[in-house]
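Printed here is entry_17.cif (mmCIF, C-alpha atoms):
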data_query
loop_
_atom_site.group_PDB
_atom_site.id
_atom_site.type_symbol
_atom_site.label_atom_id
_atom_site.label_comp_id
_atom_site.auth_asym_id
_atom_site.auth_seq_id
_atom_site.Cartn_x
_atom_site.Cartn_y
_atom_site.Cartn_z
ATOM 1 C CA LEU A 1 91.437 157.456 142.928
ATOM 2 C CA SER A 2 95.195 156.898 142.764
ATOM 3 C CA ARG A 3 95.431 156.698 146.551
ATOM 4 C CA LYS A 4 92.769 153.986 146.615
ATOM 5 C CA ILE A 5 94.403 152.035 143.826
ATOM 6 C CA VAL A 6 97.950 152.449 145.085
ATOM 7 C CA ALA A 7 97.095 151.835 148.741
ATOM 8 C CA LYS A 8 95.677 148.380 148.084
ATOM 9 C CA ASP A 9 97.706 145.352 147.244
ATOM 10 C CA VAL A 10 97.102 144.054 143.765
ATOM 11 C CA HIS A 11 96.003 140.739 145.166
ATOM 12 C CA THR A 12 94.878 140.500 148.772
ATOM 13 C CA HIS A 13 92.480 137.561 148.636
ATOM 14 C CA THR A 14 93.834 134.244 149.773
ATOM 15 C CA ARG A 15 91.854 131.548 148.076
ATOM 16 C CA ARG A 16 92.957 127.994 148.127
ATOM 17 C CA THR A 17 93.079 127.654 144.346
ATOM 18 C CA MET A 18 93.047 130.904 142.436
ATOM 19 C CA SER A 19 94.002 130.670 138.816
ATOM 20 C CA SER A 20 95.802 133.475 137.061
ATOM 21 C CA SER A 21 92.658 134.260 135.072
ATOM 22 C CA SER A 22 90.578 134.661 138.252
ATOM 23 C CA ALA A 23 93.318 136.821 139.783
ATOM 24 C CA PHE A 24 93.286 138.924 136.630
ATOM 25 C CA ARG A 25 89.489 139.181 136.756
ATOM 26 C CA LEU A 26 89.617 140.241 140.394
ATOM 27 C CA THR A 27 92.226 142.917 139.691
ATOM 28 C CA ALA A 28 90.402 144.095 136.587
ATOM 29 C CA ARG A 29 87.132 144.311 138.496
ATOM 30 C CA ARG A 30 88.757 146.427 141.201
ATOM 31 C CA MET A 31 90.414 148.740 138.724
ATOM 32 C CA SER A 32 87.360 149.159 136.521
ATOM 33 C CA SER A 33 85.008 149.757 139.437
ATOM 34 C CA ALA A 34 87.316 152.475 140.807
ATOM 35 C CA ALA A 35 87.687 154.070 137.396
ATOM 36 C CA GLY A 36 83.950 153.805 136.781
ATOM 37 C CA LYS A 37 83.364 156.236 139.652
ATOM 38 C CA LEU A 38 85.482 158.926 138.029
ATOM 39 C CA ASP A 39 83.864 161.944 136.444
ATOM 40 C CA TRP A 40 85.616 161.911 133.069
ATOM 41 C CA THR A 41 83.833 165.118 132.038
ATOM 42 C CA SER A 42 85.504 167.123 134.810
ATOM 43 C CA PRO A 43 87.533 170.102 133.561
ATOM 44 C CA MET A 44 90.566 168.895 135.522
ATOM 45 C CA TRP A 45 91.141 166.202 132.866
ATOM 46 C CA LYS A 46 91.434 168.945 130.239
ATOM 47 C CA ALA A 47 93.708 171.234 132.282
ATOM 48 C CA SER A 48 96.644 170.762 129.939
ATOM 49 C CA PRO A 49 97.374 168.667 126.855
ATOM 50 C CA GLU A 50 99.680 166.442 128.918
ATOM 51 C CA VAL A 51 97.002 165.750 131.555
ATOM 52 C CA ALA A 52 94.383 165.180 128.854
ATOM 53 C CA ALA A 53 96.644 162.708 127.051
ATOM 54 C CA LYS A 54 97.401 160.790 130.244
ATOM 55 C CA ALA A 55 93.722 160.734 131.243
ATOM 56 C CA ASN A 56 92.741 159.445 127.792
ATOM 57 C CA ALA A 57 95.453 156.783 127.963
ATOM 58 C CA PHE A 58 94.220 155.692 131.390
ATOM 59 C CA ARG A 59 90.615 155.667 130.202
ATOM 60 C CA SER A 60 91.513 153.494 127.199
ATOM 61 C CA TRP A 61 93.489 151.169 129.494
ATOM 62 C CA VAL A 62 90.449 150.833 131.777
ATOM 63 C CA ASN A 63 88.288 150.030 128.750
ATOM 64 C CA SER A 64 90.763 147.383 127.593
ATOM 65 C CA VAL A 65 90.821 145.884 131.107
ATOM 66 C CA ASP A 66 87.031 145.761 131.068
ATOM 67 C CA ALA A 67 87.090 144.032 127.684
ATOM 68 C CA LEU A 68 89.684 141.502 128.848
ATOM 69 C CA ALA A 69 87.790 140.881 132.082
ATOM 70 C CA GLU A 70 84.671 140.164 130.056
ATOM 71 C CA LYS A 71 86.585 137.932 127.659
ATOM 72 C CA TYR A 72 88.173 135.889 130.444
ATOM 73 C CA SER A 73 85.259 135.979 132.883
ATOM 74 C CA SER A 74 84.931 132.193 132.948
ATOM 75 C CA ASP A 75 87.453 129.406 133.281
ATOM 76 C CA PRO A 76 88.636 127.863 130.025
ATOM 77 C CA ALA A 77 87.008 124.667 128.810
ATOM 78 C CA PRO A 78 88.957 121.509 129.554
ATOM 79 C CA VAL A 79 91.065 120.129 126.756
ATOM 80 C CA ASP A 80 89.215 117.505 124.699
ATOM 81 C CA PHE A 81 91.754 114.834 123.890
ATOM 82 C CA LYS A 82 89.143 112.725 122.065
ATOM 83 C CA SER A 83 88.130 115.355 119.485
ATOM 84 C CA ASP A 84 88.413 114.970 115.715
ATOM 85 C CA LYS A 85 91.521 117.162 115.654
ATOM 86 C CA ALA A 86 93.162 115.004 118.315
ATOM 87 C CA SER A 87 92.375 111.800 116.412
ATOM 88 C CA ALA A 88 94.106 113.243 113.325
ATOM 89 C CA ILE A 89 97.449 113.411 115.161
ATOM 90 C CA ARG A 90 99.788 110.630 114.083
ATOM 91 C CA ALA A 91 101.715 110.363 117.347
ATOM 92 C CA GLN A 92 98.894 109.023 119.530
ATOM 93 C CA ASP A 93 101.356 107.889 122.193
ATOM 94 C CA LEU A 94 102.536 111.510 122.578
ATOM 95 C CA LEU A 95 98.899 112.609 122.796
ATOM 96 C CA ALA A 96 98.212 109.963 125.450
ATOM 97 C CA SER A 97 101.205 111.080 127.520
ATOM 98 C CA LEU A 98 100.085 114.717 127.226
ATOM 99 C CA GLU A 99 96.600 113.709 128.387
ATOM 100 C CA ASP A 100 98.025 111.808 131.363
ATOM 101 C CA PHE A 101 100.224 114.770 132.241
ATOM 102 C CA TYR A 102 97.254 117.164 131.901
ATOM 103 C CA LYS A 103 95.046 115.068 134.177
ATOM 104 C CA SER A 104 97.700 114.377 136.804
ATOM 105 C CA THR A 105 99.134 117.865 137.108
ATOM 106 C CA THR A 106 97.704 120.547 139.309
ATOM 107 C CA LEU A 107 99.410 123.864 139.074
ATOM 108 C CA PRO A 108 99.814 125.930 142.212
ATOM 109 C CA ALA A 109 97.703 129.037 142.381
ATOM 110 C CA GLU A 110 99.483 132.192 141.334
ATOM 111 C CA THR A 111 99.856 134.714 144.079
ATOM 112 C CA HIS A 112 100.490 138.333 143.347
ATOM 113 C CA ALA A 113 102.046 140.631 145.907
ATOM 114 C CA TRP A 114 102.954 144.261 145.533
ATOM 115 C CA ASP A 115 106.693 144.725 145.767
ATOM 116 C CA ALA A 116 107.471 146.557 149.024
ATOM 117 C CA ALA A 117 110.015 148.845 147.361
ATOM 118 C CA ASP A 118 107.561 149.760 144.607
ATOM 119 C CA LYS A 119 104.813 150.342 147.169
ATOM 120 C CA ALA A 120 107.095 152.616 149.197
ATOM 121 C CA ALA A 121 108.067 154.515 146.041
ATOM 122 C CA LYS A 122 104.422 155.019 145.075
ATOM 123 C CA GLU A 123 103.522 156.163 148.596
ATOM 124 C CA ALA A 124 106.429 158.618 148.489
ATOM 125 C CA MET A 125 105.150 159.923 145.154
ATOM 126 C CA ILE A 126 101.681 160.385 146.648
ATOM 127 C CA ALA A 127 103.100 162.219 149.677
ATOM 128 C CA GLU A 128 105.158 164.443 147.373
ATOM 129 C CA ALA A 129 102.123 165.164 145.193
ATOM 130 C CA GLU A 130 100.035 166.033 148.259
ATOM 131 C CA GLN A 131 102.781 168.374 149.476
ATOM 132 C CA ASP A 132 102.980 169.969 146.021
ATOM 133 C CA GLN A 133 99.218 170.413 146.047
ATOM 134 C CA ALA A 134 99.331 172.060 149.488
ATOM 135 C CA ASP A 135 102.181 174.333 148.357
ATOM 136 C CA THR A 136 100.239 175.272 145.231
ATOM 137 C CA ARG A 137 97.135 176.096 147.249
ATOM 138 C CA ALA A 138 99.214 178.283 149.581
ATOM 139 C CA LEU A 139 100.827 180.005 146.600
ATOM 140 C CA ILE A 140 97.420 180.617 145.011
ATOM 141 C CA ALA A 141 96.136 182.191 148.237
ATOM 142 C CA GLU A 142 99.252 184.352 148.492
ATOM 143 C CA LEU A 143 98.994 185.479 144.879
ATOM 144 C CA GLU A 144 95.288 186.270 145.217
ATOM 145 C CA GLU A 145 96.095 188.390 148.278
ATOM 146 C CA LEU A 146 98.883 190.154 146.367
ATOM 147 C CA ALA A 147 96.583 190.761 143.386
ATOM 148 C CA ALA A 148 93.936 192.271 145.685
ATOM 149 C CA LEU A 149 96.589 194.489 147.291
ATOM 150 C CA ARG A 150 97.866 195.628 143.884
ATOM 151 C CA LYS A 151 94.334 196.400 142.684
ATOM 152 C CA ALA A 152 93.668 198.383 145.843
ATOM 153 C CA ASN A 153 96.928 200.350 145.431
ATOM 154 C CA ARG A 154 96.912 201.201 141.742
ATOM 155 C CA THR A 155 98.903 204.222 140.761
ATOM 156 C CA SER A 156 97.350 207.310 139.247
ATOM 157 C CA ARG A 157 98.321 210.934 138.571
ATOM 158 C CA GLU A 158 97.788 211.693 142.243
ATOM 159 C CA THR A 159 100.161 208.949 143.444
ATOM 160 C CA SER A 160 103.271 210.381 145.084
ATOM 161 C CA VAL A 161 106.732 208.897 145.434
ATOM 162 C CA SER A 162 106.118 208.320 149.144
ATOM 163 C CA ASP A 163 102.967 206.349 148.246
ATOM 164 C CA ILE A 164 105.033 204.151 145.927
ATOM 165 C CA TYR A 165 107.651 203.710 148.661
ATOM 166 C CA LYS A 166 104.898 202.552 151.041
ATOM 167 C CA MET A 167 103.685 199.994 148.513
ATOM 168 C CA TYR A 168 107.174 198.879 147.432
ATOM 169 C CA PRO A 169 109.713 199.347 150.243
ATOM 170 C CA GLU A 170 112.362 197.468 148.243
ATOM 171 C CA ILE A 171 112.309 200.238 145.625
ATOM 172 C CA GLU A 172 112.922 202.846 148.326
ATOM 173 C CA GLU A 173 115.899 200.858 149.652
ATOM 174 C CA GLU A 174 117.390 200.539 146.167
ATOM 175 C CA VAL A 175 116.919 204.247 145.356
ATOM 176 C CA GLU A 176 118.429 205.355 148.667
ATOM 177 C CA LYS A 177 121.374 203.015 148.175
ATOM 178 C CA GLU A 178 122.018 204.392 144.665
ATOM 179 C CA ILE A 179 121.852 207.959 145.976
ATOM 180 C CA ASP A 180 124.304 207.168 148.781
ATOM 181 C CA GLU A 181 126.709 205.491 146.349
ATOM 182 C CA ARG A 182 126.222 208.319 143.829
ATOM 183 C CA LYS A 183 125.161 205.994 141.022
ATOM 184 C CA TRP A 184 122.998 208.605 139.365
ATOM 185 C CA PHE A 185 122.687 206.991 135.929
ATOM 186 C CA LYS A 186 122.997 203.315 136.821
ATOM 187 C CA ASP A 187 119.713 202.233 135.168
ATOM 188 C CA ALA A 188 119.843 204.794 132.331
ATOM 189 C CA VAL A 189 120.625 203.528 128.861
#
Would you write out, as structure tokens, the structure that this file holds?
Amino acid sequence: LSRKIVAKDVHTHTRRTMSSSSAFRLTARRMSSAAGKLDWTSPMWKASPEVAAKANAFRSWVNSVDALAEKYSSDPAPVDFKSDKASAIRAQDLLASLEDFYKSTTLPAETHAWDAADKAAKEAMIAEAEQDQADTRALIAELEELAALRKANRTSRETSVSDIYKMYPEIEEEVEKEIDERKWFKDAV
């Protein structure tokens, strides 16, 4: 999910006149549709309290985006300068100038672009996370292999010192070194 969200620019459509509310709706639609495909019941979201808290925060953010997208799904109604409230204003000349300004002004469409430095930072974070994931998978495989080896080579009453030296050559090196240096009681309390 994060790769899809991060890899896309926040606003890639080039419409002639796109208001900020339509840009927001477009972004909200993208984010909510991507988050809607997530399996929130997956055990990975409950792996640790920190992950669960972040997942819940993201889920609540997605819900708030959905609510805002629904709220602002249509363009606002034009201002009614002839309403009862407008007629109650004493400064009608100010109201007339505001109406003229409102009718004559066209605001440029807001364009949103993802900052290149921020995009590069996010892509670096993704690459680092993928490398961490690969390292973790390799470590898991190595530890599973070590656990299988340890289970296969459990010690018992019949285990000899030479059997232990075969399983743990570093212990043999340490013992031989202590014997050569005549450190008989080095580890004794």
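Put simply, CA of Trp40 in chain A is 10.3 Å away from CA of Ala52 in chain A.
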One decimal, in Å: what's the spacing between CA of Ala88 in chain A and CA of Ser104 in chain A? 23.8 Å
Test item: residues at most 12 Å from Asp80 in chain A, only C-alpha atoms, excluding those fewer than 4 positions along its chain, as a count of residues only: 11
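Using all atoms listed in the file, the shortest contact distance between Asp100 in chain A and any of A:Thr155, A:Val79, A:Tyr165, A:Asp118 is found at A:Val79.
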Straight-line distance linking CA of Ser74 in chain A with CA of Leu107 in chain A, stated in Å to one decimal: 17.8 Å
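Residues captured in this structure file are Glu174, Val175, Glu178, Lys183, Trp184, Phe185, Lys186, Ala188 and Val189 of chain A, according to the PyMOL selection byres ((chain A and resi 187) around 12).
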For C-alpha atoms, I'd like the residues from the last selection saved as a compact mmCIF listing (two decimals), in the coordinates of the input.
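Written output follows (selection.txt):
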# COMPACT_ATOMS: atom_id res chain seq x y z
CA GLU A 174 117.39 200.54 146.17
CA VAL A 175 116.92 204.25 145.36
CA GLU A 178 122.02 204.39 144.66
CA LYS A 183 125.16 205.99 141.02
CA TRP A 184 123.00 208.60 139.36
CA PHE A 185 122.69 206.99 135.93
CA LYS A 186 123.00 203.32 136.82
CA ALA A 188 119.84 204.79 132.33
CA VAL A 189 120.62 203.53 128.86
Could you tell me which of A:Ile164, A:Gln133, A:Ile171, A:Lys71 comes closest to Arg150 in chain A if we count all atoms listed in the file?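 Closest candidate: A:Ile164.
Minimum atom-to-atom distance to Leu146 in chain A, evaluated using all atoms listed in the file, belongs to A:Met167 out of A:Asp93, A:Ala109, A:Met167, A:Gln131.
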Starting from 3 Å padding per side, set up an axis-aligned box that covers all listed atoms of range 140-157 of chain A and hand over centre and edge lengths in Å, one decimal, as lines of an AutoDock Vina configuration file.
center_x = 96.5
center_y = 195.8
center_z = 143.5
size_x = 11.6
size_y = 36.3
size_z = 15.9
Will you model all heavy atoms for range 100-111 of chain A and pass it back as a tab-separated table (two decimals), in the frame of the given file?
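Output file rebuild_12.tsv follows:
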chain	number	residue	atom	x	y	z
A	100	ASP	N	97.71	112.26	130.01
A	100	ASP	CA	98.02	111.81	131.36
A	100	ASP	C	98.66	112.93	132.18
A	100	ASP	O	98.31	113.14	133.35
A	100	ASP	CB	98.98	110.60	131.31
A	100	ASP	CG	98.32	109.37	130.75
A	100	ASP	OD1	97.06	109.33	130.75
A	100	ASP	OD2	99.04	108.47	130.29
A	101	PHE	N	99.58	113.65	131.56
A	101	PHE	CA	100.22	114.77	132.24
A	101	PHE	C	99.20	115.85	132.60
A	101	PHE	O	99.22	116.40	133.71
A	101	PHE	CB	101.33	115.36	131.35
A	101	PHE	CG	102.02	116.54	131.94
A	101	PHE	CD1	102.91	116.39	132.99
A	101	PHE	CD2	101.77	117.82	131.47
A	101	PHE	CE1	103.55	117.48	133.55
A	101	PHE	CE2	102.39	118.92	132.03
A	101	PHE	CZ	103.29	118.76	133.08
A	102	TYR	N	98.29	116.13	131.69
A	102	TYR	CA	97.25	117.16	131.90
A	102	TYR	C	96.35	116.78	133.06
A	102	TYR	O	96.00	117.63	133.90
A	102	TYR	CB	96.44	117.35	130.62
A	102	TYR	CG	95.32	118.33	130.73
A	102	TYR	CD1	95.56	119.71	130.70
A	102	TYR	CD2	94.00	117.91	130.84
A	102	TYR	CE1	94.53	120.62	130.80
A	102	TYR	CE2	92.96	118.82	130.94
A	102	TYR	CZ	93.22	120.18	130.92
A	102	TYR	OH	92.20	121.08	131.01
A	103	LYS	N	95.97	115.51	133.13
A	103	LYS	CA	95.05	115.07	134.18
A	103	LYS	C	95.73	114.93	135.53
A	103	LYS	O	95.10	115.11	136.57
A	103	LYS	CB	94.40	113.75	133.78
A	103	LYS	CG	93.40	113.91	132.65
A	103	LYS	CD	92.76	112.61	132.27
A	103	LYS	CE	91.75	112.82	131.15
A	103	LYS	NZ	91.16	111.56	130.71
A	104	SER	N	97.01	114.61	135.53
A	104	SER	CA	97.70	114.38	136.80
A	104	SER	C	98.33	115.65	137.40
A	104	SER	O	98.69	115.65	138.57
A	104	SER	CB	98.80	113.32	136.61
A	104	SER	OG	99.80	113.83	135.75
A	105	THR	N	98.45	116.66	136.63
A	105	THR	CA	99.13	117.86	137.11
A	105	THR	C	98.14	118.89	137.64
A	105	THR	O	97.12	119.17	137.01
A	105	THR	CB	99.94	118.50	135.96
A	105	THR	OG1	100.82	117.53	135.43
A	105	THR	CG2	100.73	119.69	136.45
A	106	THR	N	98.46	119.41	138.79
A	106	THR	CA	97.70	120.55	139.31
A	106	THR	C	98.71	121.66	139.58
A	106	THR	O	99.65	121.49	140.35
A	106	THR	CB	96.97	120.20	140.62
A	106	THR	OG1	97.91	119.72	141.55
A	106	THR	CG2	95.87	119.18	140.38
A	107	LEU	N	98.50	122.74	138.93
A	107	LEU	CA	99.41	123.86	139.07
A	107	LEU	C	99.08	124.64	140.34
A	107	LEU	O	97.91	124.80	140.69
A	107	LEU	CB	99.31	124.79	137.87
A	107	LEU	CG	99.70	124.18	136.52
A	107	LEU	CD1	99.42	125.17	135.40
A	107	LEU	CD2	101.18	123.82	136.53
A	108	PRO	N	100.10	125.12	141.02
A	108	PRO	CA	99.81	125.93	142.21
A	108	PRO	C	99.18	127.25	141.80
A	108	PRO	O	99.42	127.76	140.70
A	108	PRO	CB	101.20	126.15	142.83
A	108	PRO	CG	102.16	125.97	141.71
A	108	PRO	CD	101.53	124.99	140.76
A	109	ALA	N	98.36	127.76	142.67
A	109	ALA	CA	97.70	129.04	142.38
A	109	ALA	C	98.75	130.14	142.36
A	109	ALA	O	99.69	130.15	143.15
A	109	ALA	CB	96.66	129.34	143.44
A	110	GLU	N	98.57	131.06	141.41
A	110	GLU	CA	99.48	132.19	141.33
A	110	GLU	C	99.11	133.20	142.40
A	110	GLU	O	97.94	133.53	142.58
A	110	GLU	CB	99.40	132.87	139.96
A	110	GLU	CG	100.03	132.07	138.86
A	110	GLU	CD	100.10	132.86	137.57
A	110	GLU	OE1	100.19	134.10	137.64
A	110	GLU	OE2	100.05	132.23	136.52
A	111	THR	N	100.10	133.66	143.09
A	111	THR	CA	99.86	134.71	144.08
A	111	THR	C	100.59	135.96	143.63
A	111	THR	O	101.71	135.89	143.13
A	111	THR	CB	100.36	134.30	145.47
A	111	THR	OG1	101.75	133.97	145.38
A	111	THR	CG2	99.58	133.11	146.00
